[in-house]
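Following: one structure in structure tokens, then a few remarks.
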Amino acid sequence: MKSINSKNKAQQGFTLIELVVVIVILGILAVTAAPKFIDLQGDARGATLEGVKAAVETATAGVHAKSLIAGNDTVVKASNPTVSVAGSTIEIGSGWQDATADNFSDLLDIDTTNDFSVVAEGTSFFIYINGQTAPSVATPGTCHVRYIESTDTNSKPAITSLVTGC
């Protein structure tokens, strides 16, 4: 005769060991995956600035081509030559555009009130994302695109980007 208390009961739920193993595995995954997702914003800023650099290079080549067509490639900056590109008047010198904030904010059609800032200093200017530290010639900092005017008709302007630390 069978005892009333010895019913066969099916196991319900997980054991404590199984729960601990699952928690440990999830913890390991979180530790290895989290750093890849934490810096997505910096990566996005860096990619945006690389795109801005490409736009500056393209715009520079277009302005230089229009300047060559207009015969301004040997005209010095002091005589204030200009070319018209997409309804904007671009100041040039030696066939390349001058490093002014107006030249590039108009030419690139970038939003300098909300998204980007342009800082011009002497013969160079910087484009950086708003909210980042403003670079300068003395302390270029990080996370910017820099344009340095050409010194003569035979050399292109220097266009560089520094996207570390964005």
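By order of appearance in the structure tokens: chains A, B, ..., then residues from 1 within every chain, and ligands from 1 in the order shown.
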| message | If we count only C-alpha atoms and set the cut-off at 9 Å, which residues sit around region 93-109 of chain A, ignoring sequence neighbours fewer than 4 positions away in its own chain? Please answer as an MDAnalysis selection string. | response | chainID A and resid 52 55:56 59:61 63:68 71:82 85:86 88:89 117:127 147:154 156:157
Hey, can you spit out that residue selection with N, CA and C atoms as a compact mmCIF listing (two decimals), in the first residue's frame?
```txt
# COMPACT_ATOMS: atom_id res chain seq x y z
N VAL A 52 32.19 66.17 -42.74
CA VAL A 52 32.39 67.61 -42.93
C VAL A 52 33.72 67.86 -43.64
N ALA A 55 33.29 67.24 -47.23
CA ALA A 55 32.54 68.34 -47.83
C ALA A 55 33.42 69.56 -48.05
N VAL A 56 34.30 69.86 -47.08
CA VAL A 56 35.23 70.99 -47.23
C VAL A 56 36.17 70.74 -48.41
N ALA A 59 34.16 71.19 -51.64
CA ALA A 59 33.86 72.61 -51.86
C ALA A 59 35.11 73.37 -52.28
N THR A 60 36.23 73.04 -51.67
CA THR A 60 37.50 73.70 -52.01
C THR A 60 37.87 73.44 -53.46
N ALA A 61 37.71 72.21 -53.90
CA ALA A 61 38.02 71.87 -55.29
C ALA A 61 37.08 72.60 -56.25
N VAL A 63 35.44 75.53 -55.72
CA VAL A 63 35.78 76.95 -55.73
C VAL A 63 37.06 77.19 -56.52
N HIS A 64 38.02 76.31 -56.35
CA HIS A 64 39.29 76.47 -57.10
C HIS A 64 39.03 76.35 -58.60
N ALA A 65 38.18 75.42 -59.01
CA ALA A 65 37.86 75.28 -60.44
C ALA A 65 37.19 76.54 -60.97
N LYS A 66 36.23 77.09 -60.21
CA LYS A 66 35.58 78.33 -60.66
C LYS A 66 36.57 79.49 -60.69
N SER A 67 37.49 79.48 -59.75
CA SER A 67 38.50 80.53 -59.71
C SER A 67 39.43 80.45 -60.92
N LEU A 68 39.80 79.23 -61.30
CA LEU A 68 40.64 79.05 -62.50
C LEU A 68 39.90 79.51 -63.75
N GLY A 71 39.94 83.13 -64.08
CA GLY A 71 41.27 83.72 -64.24
C GLY A 71 41.83 84.33 -62.98
N ASN A 72 41.31 83.91 -61.82
CA ASN A 72 41.76 84.47 -60.54
C ASN A 72 42.85 83.65 -59.88
N ASP A 73 43.42 82.69 -60.56
CA ASP A 73 44.38 81.80 -59.91
C ASP A 73 45.67 82.49 -59.51
N THR A 74 46.01 83.60 -60.16
CA THR A 74 47.24 84.30 -59.78
C THR A 74 46.97 85.62 -59.08
N VAL A 75 45.70 85.93 -58.84
CA VAL A 75 45.34 87.18 -58.19
C VAL A 75 45.60 87.04 -56.70
N VAL A 76 46.30 88.01 -56.14
CA VAL A 76 46.64 87.95 -54.72
C VAL A 76 45.44 88.32 -53.86
N LYS A 77 45.47 87.88 -52.63
CA LYS A 77 44.37 88.08 -51.68
C LYS A 77 44.10 89.56 -51.43
N ALA A 78 45.14 90.38 -51.46
CA ALA A 78 45.00 91.80 -51.13
C ALA A 78 44.04 92.53 -52.08
N SER A 79 43.86 92.03 -53.30
CA SER A 79 42.97 92.70 -54.25
C SER A 79 41.52 92.25 -54.12
N ASN A 80 41.24 91.39 -53.13
CA ASN A 80 39.88 90.94 -52.80
C ASN A 80 39.10 90.33 -53.96
N PRO A 81 39.65 89.35 -54.66
CA PRO A 81 38.88 88.71 -55.74
C PRO A 81 37.80 87.81 -55.14
N THR A 82 36.73 87.59 -55.89
CA THR A 82 35.64 86.72 -55.44
C THR A 82 35.15 85.87 -56.60
N VAL A 85 29.41 81.04 -56.04
CA VAL A 85 29.12 79.61 -56.02
C VAL A 85 27.77 79.43 -55.35
N ALA A 86 26.83 78.87 -56.07
CA ALA A 86 25.49 78.57 -55.55
C ALA A 86 24.87 79.77 -54.85
N SER A 88 26.35 82.22 -53.39
CA SER A 88 27.19 82.79 -52.34
C SER A 88 28.43 83.40 -52.96
N THR A 89 28.84 84.53 -52.43
CA THR A 89 30.07 85.16 -52.88
C THR A 89 31.21 84.68 -52.01
N SER A 117 30.06 74.96 -35.12
CA SER A 117 30.62 76.29 -34.93
C SER A 117 31.86 76.40 -35.81
N VAL A 118 32.08 77.60 -36.31
CA VAL A 118 33.24 77.87 -37.15
C VAL A 118 34.05 78.96 -36.46
N VAL A 119 35.33 78.69 -36.22
CA VAL A 119 36.21 79.64 -35.58
C VAL A 119 37.32 79.97 -36.57
N ALA A 120 37.42 81.23 -36.98
CA ALA A 120 38.46 81.65 -37.91
C ALA A 120 39.54 82.41 -37.14
N GLU A 121 40.79 82.07 -37.43
CA GLU A 121 41.93 82.76 -36.80
C GLU A 121 43.02 82.92 -37.84
N GLY A 122 43.27 84.13 -38.26
CA GLY A 122 44.34 84.39 -39.22
C GLY A 122 44.09 83.67 -40.54
N THR A 123 45.00 82.79 -40.90
CA THR A 123 44.89 82.08 -42.18
C THR A 123 44.34 80.67 -42.02
N SER A 124 43.69 80.40 -40.91
CA SER A 124 43.08 79.08 -40.74
C SER A 124 41.74 79.22 -40.03
N PHE A 125 40.93 78.19 -40.16
CA PHE A 125 39.68 78.16 -39.42
C PHE A 125 39.41 76.73 -38.98
N PHE A 126 38.56 76.59 -37.98
CA PHE A 126 38.18 75.31 -37.43
C PHE A 126 36.67 75.15 -37.52
N ILE A 127 36.23 73.93 -37.79
CA ILE A 127 34.81 73.58 -37.69
C ILE A 127 34.74 72.53 -36.60
N TYR A 147 41.11 74.02 -41.64
CA TYR A 147 41.44 74.46 -42.99
C TYR A 147 42.50 75.54 -42.87
N ILE A 148 43.63 75.37 -43.54
CA ILE A 148 44.69 76.37 -43.54
C ILE A 148 44.85 76.86 -44.97
N GLU A 149 44.75 78.17 -45.15
CA GLU A 149 44.82 78.77 -46.49
C GLU A 149 46.08 78.36 -47.23
N SER A 150 45.95 78.34 -48.54
CA SER A 150 47.10 78.10 -49.40
C SER A 150 47.99 79.34 -49.43
N THR A 151 49.27 79.11 -49.51
CA THR A 151 50.20 80.23 -49.55
C THR A 151 50.51 80.69 -50.97
N ASP A 152 50.26 79.83 -51.95
CA ASP A 152 50.47 80.23 -53.35
C ASP A 152 49.58 79.40 -54.27
N THR A 153 49.60 79.72 -55.55
CA THR A 153 48.71 79.06 -56.50
C THR A 153 49.09 77.60 -56.75
N ASN A 154 50.30 77.21 -56.44
CA ASN A 154 50.76 75.85 -56.73
C ASN A 154 50.54 74.87 -55.59
N LYS A 156 47.85 73.33 -52.56
CA LYS A 156 46.48 73.26 -52.06
C LYS A 156 46.43 73.69 -50.59
N PRO A 157 45.29 74.14 -50.15
CA PRO A 157 45.14 74.42 -48.71
C PRO A 157 45.23 73.11 -47.92
```
| said: So that I can check the secondary structure, give me every residue of region 28-161 of chain A assigned strand (DSSP E) by backbone DSSP, as an NGL selection string. | reply: :A and (82-85 or 88-93 or 96-97 or 116-121 or 124-129 or 144-148 or 158-161)
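Close contacts of Leu162 (chain A), defined as residues with an atom at most 7 Å away when counting only C-alpha atoms, with chain neighbours fewer than 5 positions off set aside, comprise Thr142, Cys143, His144 and Val145 of chain A.
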| message | Among chain A, which ones does DSSP assign to helix (DSSP H, G or I) (computed from the backbone)? Answer as a PyMOL selection string. | response | chain A and resi 16-38+40-70+77-79+101-108
Limited to C-alpha atoms, could you put the picked residues into a file as a PDB file, in the first residue's frame?
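Saved file again.pdb follows:
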```pdb
ATOM      1  CA  LEU A  16      19.619  28.078  -7.248  1.00  0.00           C
ATOM      2  CA  ILE A  17      22.738  26.906  -9.099  1.00  0.00           C
ATOM      3  CA  GLU A  18      21.073  27.291 -12.489  1.00  0.00           C
ATOM      4  CA  LEU A  19      20.003  30.840 -11.635  1.00  0.00           C
ATOM      5  CA  VAL A  20      23.502  31.768 -10.461  1.00  0.00           C
ATOM      6  CA  VAL A  21      25.059  30.369 -13.666  1.00  0.00           C
ATOM      7  CA  VAL A  22      22.666  32.396 -15.848  1.00  0.00           C
ATOM      8  CA  ILE A  23      23.368  35.581 -13.871  1.00  0.00           C
ATOM      9  CA  VAL A  24      27.137  35.050 -14.175  1.00  0.00           C
ATOM     10  CA  ILE A  25      26.863  34.512 -17.954  1.00  0.00           C
ATOM     11  CA  LEU A  26      24.738  37.672 -18.353  1.00  0.00           C
ATOM     12  CA  GLY A  27      27.258  39.611 -16.268  1.00  0.00           C
ATOM     13  CA  ILE A  28      30.146  38.486 -18.473  1.00  0.00           C
ATOM     14  CA  LEU A  29      28.244  39.474 -21.611  1.00  0.00           C
ATOM     15  CA  ALA A  30      27.393  42.879 -20.145  1.00  0.00           C
ATOM     16  CA  VAL A  31      31.005  43.584 -19.190  1.00  0.00           C
ATOM     17  CA  THR A  32      32.321  42.722 -22.665  1.00  0.00           C
ATOM     18  CA  ALA A  33      29.546  44.388 -24.684  1.00  0.00           C
ATOM     19  CA  ALA A  34      28.955  47.580 -22.672  1.00  0.00           C
ATOM     20  CA  PRO A  35      32.152  49.441 -23.665  1.00  0.00           C
ATOM     21  CA  LYS A  36      31.273  49.044 -27.335  1.00  0.00           C
ATOM     22  CA  PHE A  37      27.951  50.806 -26.813  1.00  0.00           C
ATOM     23  CA  ILE A  38      29.101  53.452 -24.354  1.00  0.00           C
ATOM     24  CA  LEU A  40      28.747  55.402 -29.752  1.00  0.00           C
ATOM     25  CA  GLN A  41      28.181  59.137 -29.361  1.00  0.00           C
ATOM     26  CA  GLY A  42      31.895  59.892 -29.745  1.00  0.00           C
ATOM     27  CA  ASP A  43      32.097  57.632 -32.781  1.00  0.00           C
ATOM     28  CA  ALA A  44      29.107  59.424 -34.311  1.00  0.00           C
ATOM     29  CA  ARG A  45      30.726  62.832 -33.766  1.00  0.00           C
ATOM     30  CA  GLY A  46      33.958  61.596 -35.336  1.00  0.00           C
ATOM     31  CA  ALA A  47      32.120  60.210 -38.375  1.00  0.00           C
ATOM     32  CA  THR A  48      30.191  63.471 -38.739  1.00  0.00           C
ATOM     33  CA  LEU A  49      33.413  65.469 -38.738  1.00  0.00           C
ATOM     34  CA  GLU A  50      34.970  63.132 -41.321  1.00  0.00           C
ATOM     35  CA  GLY A  51      31.924  63.870 -43.491  1.00  0.00           C
ATOM     36  CA  VAL A  52      32.393  67.607 -42.933  1.00  0.00           C
ATOM     37  CA  LYS A  53      36.063  67.251 -43.922  1.00  0.00           C
ATOM     38  CA  ALA A  54      35.047  65.547 -47.172  1.00  0.00           C
ATOM     39  CA  ALA A  55      32.537  68.341 -47.832  1.00  0.00           C
ATOM     40  CA  VAL A  56      35.234  70.988 -47.227  1.00  0.00           C
ATOM     41  CA  GLU A  57      37.590  69.194 -49.640  1.00  0.00           C
ATOM     42  CA  THR A  58      34.878  68.975 -52.308  1.00  0.00           C
ATOM     43  CA  ALA A  59      33.858  72.607 -51.858  1.00  0.00           C
ATOM     44  CA  THR A  60      37.498  73.699 -52.007  1.00  0.00           C
ATOM     45  CA  ALA A  61      38.019  71.873 -55.288  1.00  0.00           C
ATOM     46  CA  GLY A  62      34.843  73.414 -56.752  1.00  0.00           C
ATOM     47  CA  VAL A  63      35.778  76.954 -55.726  1.00  0.00           C
ATOM     48  CA  HIS A  64      39.287  76.465 -57.100  1.00  0.00           C
ATOM     49  CA  ALA A  65      37.859  75.277 -60.438  1.00  0.00           C
ATOM     50  CA  LYS A  66      35.584  78.333 -60.655  1.00  0.00           C
ATOM     51  CA  SER A  67      38.502  80.533 -59.710  1.00  0.00           C
ATOM     52  CA  LEU A  68      40.639  79.051 -62.498  1.00  0.00           C
ATOM     53  CA  ILE A  69      37.839  79.583 -65.009  1.00  0.00           C
ATOM     54  CA  ALA A  70      37.495  83.210 -63.884  1.00  0.00           C
ATOM     55  CA  LYS A  77      44.372  88.076 -51.676  1.00  0.00           C
ATOM     56  CA  ALA A  78      44.996  91.804 -51.134  1.00  0.00           C
ATOM     57  CA  SER A  79      42.972  92.704 -54.247  1.00  0.00           C
ATOM     58  CA  ALA A 101      33.705  81.644 -41.350  1.00  0.00           C
ATOM     59  CA  ASP A 102      31.307  83.167 -43.897  1.00  0.00           C
ATOM     60  CA  ASN A 103      33.034  81.495 -46.842  1.00  0.00           C
ATOM     61  CA  PHE A 104      32.470  78.038 -45.450  1.00  0.00           C
ATOM     62  CA  SER A 105      29.194  78.329 -43.558  1.00  0.00           C
ATOM     63  CA  ASP A 106      27.559  79.619 -46.777  1.00  0.00           C
ATOM     64  CA  LEU A 107      29.401  77.247 -49.068  1.00  0.00           C
ATOM     65  CA  LEU A 108      28.789  74.107 -47.000  1.00  0.00           C
TER      66      LEU A 108
END
```
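The space separating CA of Cys166 (chain A) from CA of Asn130 (chain A) comes to 11.2 Å.
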